[in-house]
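Visitor: I'd like to ask you about the structure that follows.
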Amino acid sequence: QKQGDKIKVGFSQAMTTDDWRKQMNSSIKIEASLRPEVDLKISDANNNINKQIEDIERFISNKVDVIVVSPIQSKPLTAVVEKSIKAGIPVLVVDRKIEGENYTAYLGADNIEIGRIAARYIISHSKGSGKIIEITGANGSSPAYERSLGFSQIINESKLFKIENTIQGDWEGESVKEPLKALLLRNPNVEYIFAHNDRMALSAWETAKTVGLENKIKFIGVDGLNTVNGGIELVKSGVLDGTILYPTGGNEALKLALKMYNKEPISKNNILNTIVIDQNNAEIIENQMDKVDQQQLVIETQQGAIKVQEKEYASQNNLVRLLSFF
Ligand code: FRU
């Protein structure tokens, strides 16, 4: 098959510094490797909005067949996605959204629902003061906005619970430390901390530890990765009380992108399932995820073996051609 015949999928990834995005990339790559007709290019914007806009501009001028994008922030990426749609290239928005509806489809878990689930978890498990600190993701990114929306909706409905303070984080652990320490020193009477992801939840726990409050406060995160220091491990070791699973959807993204390319009917909103992970099910979920990881490893190993055989076949073919000259 000639390179030119392939279906070109351009994936504009927001950054690849954390394990969640690394998993997203590896699962979209595995899906692509199973389909020889697909030419997948991943551009990493390094959390730089201008770079992400340029990456998408490049996909448009290279006339890729489909664009997949996980926008760093909603507003600044809206125009370039619209430009792609105008140029006739369908766009699948994953995980984080742009503004408005001018894209082909969205794929990701329901982030408003994730906020609500976290709030309901706290309400049904609380035995203390009902005082909560919320730590949000980066300003301007849709999961941060939506997780807050769902969370505050449910907490505000209940009279016994209160979001005492909100810390504006940026998805990374470092952003949590100083403001949380200052807050805890002023007001140590906090029962729960809900952080918009597990990296910030871990950082919140570490910060609470520096002031001796890590066993008094309960911590809830989001993501639930099955990695070293991932949510599942943090739940099992008792650092987190719970985490809400936020699937990356890497493989589903490629499947949907191909449906879009083939002009098959798809829903505009494609919602991935979520679940609370806590002491009750962390082990079971870990086992399930281990199995999936093992299968992925088998696939990767087989893909590697096939590539080696292809190379050998090609070089033997060359030899045959060479010999046929004589
Ligand atoms: C990964 C991440 C996740 C979070 C998601 C929100 O980069 O920060 O931890 O759930 O992005 O878009």
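Each chain in the structure tokens gets a letter, A, B and so on, in the order shown; residues start at 1 in every chain, and ligands are counted from 1 in the order they appear.
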Dump as a Markdown table the rows for residues of region 79-170 of chain A within 12 Å of region 51-64 of chain A: closest atom pair and distance in Å with one decimal, only C-alpha atoms counted, ordered by chain and rising residue number.

Guide:
| residue | atom | partner | partner_atom | distance |
| --- | --- | --- | --- | --- |
| A:Ala79 | CA | A:Ile53 | CA | 9.1 |
| A:Val80 | CA | A:Ile53 | CA | 6.5 |
| A:Val81 | CA | A:Ile56 | CA | 7.8 |
| A:Glu82 | CA | A:Ile56 | CA | 10.9 |
| A:Lys83 | CA | A:Ile60 | CA | 8.4 |
| A:Ser84 | CA | A:Ile60 | CA | 6.2 |
| A:Ile85 | CA | A:Ile60 | CA | 9.5 |
| A:Lys86 | CA | A:Ile60 | CA | 10.2 |
| A:Ala87 | CA | A:Ile60 | CA | 7.5 |
| A:Gly88 | CA | A:Ile60 | CA | 9.3 |
| A:Ile89 | CA | A:Val64 | CA | 7.3 |
| A:Pro90 | CA | A:Val64 | CA | 9.6 |
| A:Val91 | CA | A:Ile56 | CA | 10.2 |

Visitor: Those same residues, written as an mmCIF file, in the first residue's frame with C-alpha atoms?

Guide:
data_model
loop_
_atom_site.group_PDB
_atom_site.id
_atom_site.type_symbol
_atom_site.label_atom_id
_atom_site.label_comp_id
_atom_site.auth_asym_id
_atom_site.auth_seq_id
_atom_site.Cartn_x
_atom_site.Cartn_y
_atom_site.Cartn_z
ATOM 1 C CA ALA A 79 -11.610 29.364 15.663
ATOM 2 C CA VAL A 80 -9.056 26.912 14.272
ATOM 3 C CA VAL A 81 -11.467 23.991 14.717
ATOM 4 C CA GLU A 82 -14.096 25.999 12.827
ATOM 5 C CA LYS A 83 -11.519 26.674 10.119
ATOM 6 C CA SER A 84 -10.961 22.941 9.739
ATOM 7 C CA ILE A 85 -14.689 22.252 9.454
ATOM 8 C CA LYS A 86 -14.936 24.989 6.780
ATOM 9 C CA ALA A 87 -12.053 23.340 4.922
ATOM 10 C CA GLY A 88 -14.093 20.129 4.848
ATOM 11 C CA ILE A 89 -12.010 18.232 7.411
ATOM 12 C CA PRO A 90 -14.149 16.647 10.139
ATOM 13 C CA VAL A 91 -13.005 17.240 13.721
#

Visitor: Near Ile133 (chain A), within 7 Å and counting only C-alpha atoms, which residues show up once chain neighbours fewer than 5 positions away are dropped, as number ranges by chain?

Guide: A: 163-166, 192-194

Visitor: Considering only C-alpha atoms, state which residue in the set A:Ser158, A:Thr243, A:Ser324, A:Asn262 is at the smallest distance from Asp65 (chain A).

Guide: A:Asn262

Visitor: Mind checking DSSP for region 23-242 of chain A and telling me the alpha helix (DSSP H) residues as a VMD selection string?

Guide: chain A and resid 23 to 33 49 to 61 74 to 86 111 to 125 142 to 157 174 to 186 198 to 210 231 to 236

Visitor: Skipping near chain neighbours, those fewer than 2 positions away, what residues fall within 10 Å of Leu184 (chain A) using only C-alpha atoms, listed as a PyMOL selection string?

Guide: chain A and resi 133+179-182+186-190+207-208+211+213

Visitor: Sort by chain and increasing residue number a table of all residues of chain A within 7 Å of ligand 1, each with its closest pair of atoms and their distance in Å to one decimal, counting only C-alpha atoms and all ligand atoms, and write it as JSON lines.

Guide:
{"residue": "A:Met15", "atom": "CA", "partner": "ligand 1", "partner_atom_place_in_ligand_line": "7 (O)", "distance": 6.9}
{"residue": "A:Asp18", "atom": "CA", "partner": "ligand 1", "partner_atom_place_in_ligand_line": "7 (O)", "distance": 5.9}
{"residue": "A:Trp20", "atom": "CA", "partner": "ligand 1", "partner_atom_place_in_ligand_line": "1 (C)", "distance": 5.1}
{"residue": "A:Arg21", "atom": "CA", "partner": "ligand 1", "partner_atom_place_in_ligand_line": "7 (O)", "distance": 5.5}
{"residue": "A:Asp95", "atom": "CA", "partner": "ligand 1", "partner_atom_place_in_ligand_line": "12 (O)", "distance": 5.6}
{"residue": "A:Arg96", "atom": "CA", "partner": "ligand 1", "partner_atom_place_in_ligand_line": "12 (O)", "distance": 5.3}
{"residue": "A:Pro143", "atom": "CA", "partner": "ligand 1", "partner_atom_place_in_ligand_line": "6 (C)", "distance": 5.5}
{"residue": "A:Trp171", "atom": "CA", "partner": "ligand 1", "partner_atom_place_in_ligand_line": "8 (O)", "distance": 4.9}
{"residue": "A:His196", "atom": "CA", "partner": "ligand 1", "partner_atom_place_in_ligand_line": "10 (O)", "distance": 6.9}
{"residue": "A:Asn197", "atom": "CA", "partner": "ligand 1", "partner_atom_place_in_ligand_line": "9 (O)", "distance": 4.9}
{"residue": "A:Asp198", "atom": "CA", "partner": "ligand 1", "partner_atom_place_in_ligand_line": "9 (O)", "distance": 6.7}
{"residue": "A:Arg199", "atom": "CA", "partner": "ligand 1", "partner_atom_place_in_ligand_line": "9 (O)", "distance": 6.8}
{"residue": "A:Val222", "atom": "CA", "partner": "ligand 1", "partner_atom_place_in_ligand_line": "10 (O)", "distance": 6.1}
{"residue": "A:Asp223", "atom": "CA", "partner": "ligand 1", "partner_atom_place_in_ligand_line": "10 (O)", "distance": 5.3}
{"residue": "A:Tyr246", "atom": "CA", "partner": "ligand 1", "partner_atom_place_in_ligand_line": "10 (O)", "distance": 6.2}

Visitor: Would you mind exporting N, CA and C atoms of the selected residues as an mmCIF file, in the first residue's frame?

Guide:
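Just written: again.cif:
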data_model
loop_
_atom_site.group_PDB
_atom_site.id
_atom_site.type_symbol
_atom_site.label_atom_id
_atom_site.label_comp_id
_atom_site.auth_asym_id
_atom_site.auth_seq_id
_atom_site.Cartn_x
_atom_site.Cartn_y
_atom_site.Cartn_z
ATOM 1 N N MET A 15 -0.706 17.920 25.545
ATOM 2 C CA MET A 15 0.634 17.793 26.168
ATOM 3 C C MET A 15 0.839 16.297 26.421
ATOM 4 N N ASP A 18 1.973 13.953 31.461
ATOM 5 C CA ASP A 18 1.409 13.121 32.531
ATOM 6 C C ASP A 18 0.989 11.749 32.009
ATOM 7 N N TRP A 20 -1.790 10.133 32.257
ATOM 8 C CA TRP A 20 -3.110 10.027 31.623
ATOM 9 C C TRP A 20 -2.970 10.236 30.111
ATOM 10 N N ARG A 21 -2.237 11.293 29.740
ATOM 11 C CA ARG A 21 -2.067 11.579 28.290
ATOM 12 C C ARG A 21 -1.177 10.529 27.631
ATOM 13 N N ASP A 95 -12.055 14.671 25.227
ATOM 14 C CA ASP A 95 -11.736 15.030 26.612
ATOM 15 C C ASP A 95 -12.091 16.486 26.948
ATOM 16 N N ARG A 96 -11.400 17.445 26.385
ATOM 17 C CA ARG A 96 -11.725 18.857 26.637
ATOM 18 C C ARG A 96 -12.447 19.427 25.418
ATOM 19 N N PRO A 143 -13.133 20.526 31.326
ATOM 20 C CA PRO A 143 -13.399 19.601 32.436
ATOM 21 C C PRO A 143 -13.361 20.298 33.804
ATOM 22 N N TRP A 171 -4.102 21.604 37.099
ATOM 23 C CA TRP A 171 -4.047 20.172 36.799
ATOM 24 C C TRP A 171 -2.784 19.511 37.355
ATOM 25 N N HIS A 196 -9.728 17.990 41.240
ATOM 26 C CA HIS A 196 -10.231 17.631 39.907
ATOM 27 C C HIS A 196 -9.401 16.558 39.207
ATOM 28 N N ASN A 197 -8.230 16.208 39.740
ATOM 29 C CA ASN A 197 -7.568 14.990 39.257
ATOM 30 C C ASN A 197 -6.711 14.388 40.371
ATOM 31 N N ASP A 198 -6.231 13.168 40.124
ATOM 32 C CA ASP A 198 -5.501 12.438 41.164
ATOM 33 C C ASP A 198 -4.132 13.054 41.443
ATOM 34 N N ARG A 199 -3.508 13.667 40.427
ATOM 35 C CA ARG A 199 -2.190 14.280 40.669
ATOM 36 C C ARG A 199 -2.320 15.402 41.703
ATOM 37 N N VAL A 222 -9.846 12.386 40.636
ATOM 38 C CA VAL A 222 -10.444 11.960 39.363
ATOM 39 C C VAL A 222 -9.313 11.400 38.498
ATOM 40 N N ASP A 223 -9.597 10.412 37.702
ATOM 41 C CA ASP A 223 -8.753 9.766 36.679
ATOM 42 C C ASP A 223 -8.726 8.257 36.910
ATOM 43 N N TYR A 246 -11.819 8.365 34.899
ATOM 44 C CA TYR A 246 -11.962 9.224 33.721
ATOM 45 C C TYR A 246 -11.205 8.570 32.563
#

Visitor: Per DSSP on the backbone, what are the strand (DSSP E or B) residues of region 129-313 of chain A, as a PyMOL selection string?

Guide: chain A and resi 131-136+162-168+192-195+218-223+242-245+269-272+276-278

Visitor: Extract, using only C-alpha atoms, all DNA, RNA and protein residues at most 12 Å from Thr274 (chain A), discarding same-chain residues fewer than 6 positions from it, and format them as a short mmCIF file (atom, residue, chain, number, x, y, z; two decimals) with N, CA, C and O atoms, in the first residue's frame.

Guide:
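Result written to selection33.cif:
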data_model
loop_
_atom_site.label_atom_id
_atom_site.label_comp_id
_atom_site.auth_asym_id
_atom_site.auth_seq_id
_atom_site.Cartn_x
_atom_site.Cartn_y
_atom_site.Cartn_z
N GLY A 108 -15.84 11.70 25.23
CA GLY A 108 -15.24 11.82 26.56
C GLY A 108 -16.27 11.49 27.62
O GLY A 108 -17.46 11.36 27.32
N ALA A 109 -15.81 11.32 28.86
CA ALA A 109 -16.77 11.09 29.94
C ALA A 109 -17.50 12.40 30.24
O ALA A 109 -17.04 13.47 29.85
N ASP A 110 -18.64 12.28 30.89
CA ASP A 110 -19.46 13.46 31.22
C ASP A 110 -18.88 14.13 32.46
O ASP A 110 -19.04 13.63 33.57
N ASN A 111 -18.20 15.26 32.26
CA ASN A 111 -17.50 15.89 33.38
C ASN A 111 -18.43 16.55 34.40
O ASN A 111 -18.06 16.67 35.57
N ILE A 112 -19.61 16.97 33.96
CA ILE A 112 -20.58 17.50 34.94
C ILE A 112 -20.99 16.36 35.87
O ILE A 112 -21.02 16.50 37.09
N GLU A 113 -21.24 15.20 35.27
CA GLU A 113 -21.62 14.02 36.04
C GLU A 113 -20.49 13.59 37.00
O GLU A 113 -20.76 13.18 38.13
N ILE A 114 -19.25 13.72 36.56
CA ILE A 114 -18.12 13.38 37.44
C ILE A 114 -18.14 14.26 38.69
O ILE A 114 -17.97 13.77 39.81
N GLY A 115 -18.40 15.54 38.52
CA GLY A 115 -18.51 16.44 39.67
C GLY A 115 -19.65 16.03 40.59
O GLY A 115 -19.52 16.01 41.82
N ARG A 116 -20.78 15.67 39.98
CA ARG A 116 -21.94 15.26 40.79
C ARG A 116 -21.65 13.97 41.55
O ARG A 116 -22.01 13.83 42.72
N ILE A 117 -21.00 13.02 40.88
CA ILE A 117 -20.69 11.74 41.53
C ILE A 117 -19.78 11.97 42.74
O ILE A 117 -19.99 11.40 43.81
N ALA A 118 -18.79 12.85 42.57
CA ALA A 118 -17.87 13.15 43.68
C ALA A 118 -18.65 13.75 44.85
O ALA A 118 -18.45 13.37 46.02
N VAL A 222 -9.85 12.39 40.64
CA VAL A 222 -10.44 11.96 39.36
C VAL A 222 -9.31 11.40 38.50
O VAL A 222 -8.20 11.93 38.56
N ASP A 223 -9.60 10.41 37.70
CA ASP A 223 -8.75 9.77 36.68
C ASP A 223 -8.73 8.26 36.91
O ASP A 223 -9.07 7.51 36.01
N GLY A 224 -8.23 7.82 38.09
CA GLY A 224 -8.24 6.38 38.39
C GLY A 224 -7.33 5.56 37.49
O GLY A 224 -7.71 4.49 37.02
N THR A 243 -11.66 7.75 43.93
CA THR A 243 -11.36 8.51 42.71
C THR A 243 -12.43 8.17 41.70
O THR A 243 -13.02 7.09 41.75
N ILE A 244 -12.72 9.11 40.80
CA ILE A 244 -13.74 8.86 39.79
C ILE A 244 -13.01 8.56 38.48
O ILE A 244 -12.20 9.37 38.02
N LEU A 245 -13.30 7.38 37.93
CA LEU A 245 -12.61 6.95 36.71
C LEU A 245 -12.89 7.92 35.55
O LEU A 245 -14.04 8.26 35.28
N TYR A 246 -11.82 8.36 34.90
CA TYR A 246 -11.96 9.22 33.72
C TYR A 246 -11.20 8.57 32.56
O TYR A 246 -10.01 8.79 32.38
N PRO A 247 -11.91 7.73 31.78
CA PRO A 247 -11.23 6.97 30.73
C PRO A 247 -10.66 7.90 29.65
O PRO A 247 -11.26 8.93 29.35
N THR A 248 -9.50 7.52 29.10
CA THR A 248 -8.87 8.39 28.09
C THR A 248 -9.57 8.27 26.73
O THR A 248 -9.55 9.22 25.96
N GLY A 249 -10.11 7.11 26.45
CA GLY A 249 -10.84 6.94 25.17
C GLY A 249 -9.95 6.96 23.93
O GLY A 249 -10.46 7.20 22.83
#

Visitor: Between A:Ser12, A:Ile285, A:Glu178, A:Asp170, which one has atoms that come closest to Met200 (chain A), using only C-alpha atoms?

Guide: A:Asp170

Visitor: Work out how far apart CA of Val235 (chain A) and CA of Glu206 (chain A) are and give it in Å to one decimal.

Guide: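 Taking CA of Val235 (chain A) and CA of Glu206 (chain A), their separation equals 14.4 Å.
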